[in-house]
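K.L.:
I am attaching a structure below and will ask some questions about it afterwards.
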Amino acid sequence: MINILLSGCNGKMGQVISKLASEKENLKIAAGLDINTSIQNPYPVYTDINKCDAKIDVIIDFSHPSVLQGLLEFAVARKIPAVIATTGLSNSQIKMLQEASKSIPIFFSANMSIGVNLVLDLVKKAAKVLENNFDIEIIEKHHNQKIDAPSGTALVIADAINSVLAEEHEYIYDRHSRRKKRNKKEIGIHAVRGGTIVGEHSVIFAGNDEIIEIKHTATSKYIFAEGSLNAAVFLHDKKPGMYNMDDLIKNK
């Protein structure tokens, strides 16, 4: 049995993970961490991670970037592996993860869906072939409660594309203030927020007289919950280091 500390347990994703974990024979949410204690859970919920005295094998974090530093300090002090699925982390926070990974296993992914990570491979292959004659635009859509924009996944997709291009492209987030034609060496990234859209990412390769579009649509939060729990199982017996969805997929 793998005992999990779920950070952000009373958020929407946290509650989905709790429900899914309760259906797994090899997993147990042993404790939760959240500033919101109004929801009753079958496990203790702490507002201060340092007061958690439950036996924990892996931490899953689906909360807020402001929680990261304290969570990593706790994890490193107790030598507990951590799955970090929170989006909107700054460059300095990414460096925190890298530093912590010298002491403990860290699994970090901006998107916990296997499908999205397959899309990353597809867009890289397309970009290699099409870069000289096609303009590249990324459109991401999410629910009206999402705070960060563009999404972490959209930026990861852009980074994946840029990694295979002969020349680095500039990311353009706002066109209304740019009174000029589109530069060939740019990637447009656009965010839509509305309703209850779980998550949609489209990559458009627009050429002369033809358009190629690679798209992933999430219709339920369960795909992200399943991915995070799979990551916890994968990570719990690993050596210190940084791991991601590529490592998980290769391990299947």
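Chain identifiers are assigned as A, B, and so on, following the order in which chains appear in the structure tokens; residues are numbered from 1 within each chain, and ligands are numbered from 1 in order of appearance.
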I'd like the contact shell of segment 234-250 of chain A - 9 Å cut-off, only C-alpha atoms, skipping same-chain residues fewer than 2 positions apart - returned as number ranges by chain.
P.N.:
A: 2, 57-58, 80-83, 97-98, 100-109, 111-114, 117, 227, 229-232, 252
K.L.:
Residues within 12 Å of Ala21 of chain A, please, as a ChimeraX atom specification. Count only C-alpha atoms; anything in the same chain fewer than 2 positions from it doesn't count.
P.N.:
/A:1-6,9,14-19,23-30,42,60,222,225-230,232-233
K.L.:
Determine the nearest neighbour of Lys215 of chain A from the options A:Val198, A:Ile172, A:Met96, A:Ile139, counting only C-alpha atoms.
P.N.:
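So, comparing all the options, the nearest one is A:Ile139.
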K.L.:
I'd like a table as CSV: residues in segment 28-102 of chain A with an atom no more than 12 Å from segment 152-167 of chain A, each row giving the shortest atom pair and its distance in Å to one decimal, only C-alpha atoms counted, sorted by chain and rising residue number.
P.N.:
```
residue,atom,partner,partner_atom,distance
A:Ala85,CA,A:Gly152,CA,10.2
A:Thr86,CA,A:Gly152,CA,9.2
A:Thr87,CA,A:Gly152,CA,5.7
A:Gly88,CA,A:Gly152,CA,6.1
A:Leu89,CA,A:Gly152,CA,8.4
A:Ser90,CA,A:Gly152,CA,10.5
```
K.L.:
Would you mind telling me which residue in A:Glu210, A:Asp34, A:Glu168, A:Glu200 lies nearest to Val119 of chain A when using only C-alpha atoms?
P.N.:
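Smallest separation from Val119 of chain A among the options: A:Glu200.
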K.L.:
For the structure I just gave you, how does DSSP split segment 24-220 of chain A - specifically, which residues are strand (DSSP E or B)? Reply as a PyMOL selection string.
P.N.:
chain A and resi 27-33+45-46+58-61+82-84+105-108+135-142+170-172+186-193+199-206+211-218
K.L.:
Please provide as a ChimeraX atom specification all residues within 9 Å of segment 189-195 of chain A, with the sequence filter that same-chain residues fewer than 2 positions apart are discarded (counting only C-alpha atoms).
P.N.:
/A:137-146,149-151,154-155,158,171-174,187,197
K.L.:
What does the distance from atom CA of Gly207 of chain A to atom CA of Glu186 of chain A come to in Å, to one decimal?
P.N.:
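These atoms are spaced 14.1 Å apart.
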K.L.:
Would you please extract all alpha helix (DSSP H) residues from segment 35-247 of chain A, as assigned by DSSP on the backbone, and give them as a ChimeraX atom specification?
P.N.:
/A:68-78,91-100,114-130,152-162,222-235,245-247
K.L.:
Store the residues picked out above in a file with C-alpha atoms, as a CSV table (one decimal), in the first residue's frame.
P.N.:
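Output saved as again_25.csv:
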```csv
chain,number,residue,atom,x,y,z
A,68,LEU,CA,5.7,24.8,-3.2
A,69,GLN,CA,8.6,26.0,-1.0
A,70,GLY,CA,7.1,24.7,2.3
A,71,LEU,CA,6.1,21.5,0.6
A,72,LEU,CA,9.6,20.8,-0.8
A,73,GLU,CA,11.2,21.7,2.5
A,74,PHE,CA,9.0,19.1,4.2
A,75,ALA,CA,9.6,16.5,1.5
A,76,VAL,CA,13.4,16.9,1.6
A,77,ALA,CA,13.5,16.8,5.4
A,78,ARG,CA,11.6,13.6,5.5
A,91,ASN,CA,11.6,29.9,-13.2
A,92,SER,CA,12.8,30.3,-9.6
A,93,GLN,CA,10.4,27.6,-8.5
A,94,ILE,CA,11.5,25.3,-11.2
A,95,LYS,CA,15.0,25.8,-9.8
A,96,MET,CA,13.7,24.8,-6.4
A,97,LEU,CA,12.4,21.5,-7.9
A,98,GLN,CA,15.8,20.9,-9.5
A,99,GLU,CA,17.6,21.5,-6.2
A,100,ALA,CA,15.2,19.3,-4.2
A,114,ILE,CA,-0.6,10.6,-21.4
A,115,GLY,CA,-2.5,11.9,-24.5
A,116,VAL,CA,-1.1,15.4,-24.2
A,117,ASN,CA,2.4,14.0,-23.9
A,118,LEU,CA,1.8,12.0,-27.1
A,119,VAL,CA,0.8,15.4,-28.7
A,120,LEU,CA,4.2,16.7,-27.8
A,121,ASP,CA,5.9,14.1,-29.9
A,122,LEU,CA,3.5,14.7,-32.8
A,123,VAL,CA,4.0,18.5,-32.9
A,124,LYS,CA,7.8,18.1,-32.8
A,125,LYS,CA,7.7,15.8,-35.8
A,126,ALA,CA,5.4,18.2,-37.6
A,127,ALA,CA,7.5,21.2,-36.8
A,128,LYS,CA,10.6,19.7,-38.1
A,129,VAL,CA,9.0,19.1,-41.5
A,130,LEU,CA,6.9,22.2,-41.8
A,152,GLY,CA,1.5,25.5,-18.5
A,153,THR,CA,0.7,22.9,-21.1
A,154,ALA,CA,0.6,25.5,-23.9
A,155,LEU,CA,4.0,26.7,-22.9
A,156,VAL,CA,5.4,23.2,-22.8
A,157,ILE,CA,4.0,22.6,-26.3
A,158,ALA,CA,5.7,25.8,-27.5
A,159,ASP,CA,8.9,24.8,-25.9
A,160,ALA,CA,8.8,21.3,-27.5
A,161,ILE,CA,8.3,22.9,-30.9
A,162,ASN,CA,11.1,25.4,-30.4
A,222,TYR,CA,-10.2,12.0,-14.3
A,223,ILE,CA,-7.4,11.8,-16.9
A,224,PHE,CA,-5.2,14.1,-14.9
A,225,ALA,CA,-6.1,12.3,-11.6
A,226,GLU,CA,-5.3,9.0,-13.1
A,227,GLY,CA,-2.0,10.4,-14.4
A,228,SER,CA,-1.0,11.8,-11.0
A,229,LEU,CA,-1.8,8.5,-9.2
A,230,ASN,CA,0.2,6.6,-11.9
A,231,ALA,CA,3.1,9.0,-11.3
A,232,ALA,CA,2.9,8.3,-7.5
A,233,VAL,CA,3.2,4.6,-8.1
A,234,PHE,CA,6.0,5.1,-10.5
A,235,LEU,CA,7.9,7.5,-8.2
A,245,MET,CA,5.8,11.9,-18.1
A,246,ASP,CA,8.3,10.6,-20.7
A,247,ASP,CA,9.9,8.4,-18.0
```
K.L.:
Measuring atom to atom with only C-alpha atoms, identify which of A:Ser177, A:Ser220, A:Asn10, A:Asn208 is nearest to Thr37 of chain A.
P.N.:
A:Asn10
K.L.:
Could you jot down the atom CA of His201 of chain A to atom CA of His216 of chain A separation for me, Å, one decimal place?
P.N.:
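Here the two named atoms are 5.4 Å from each other.
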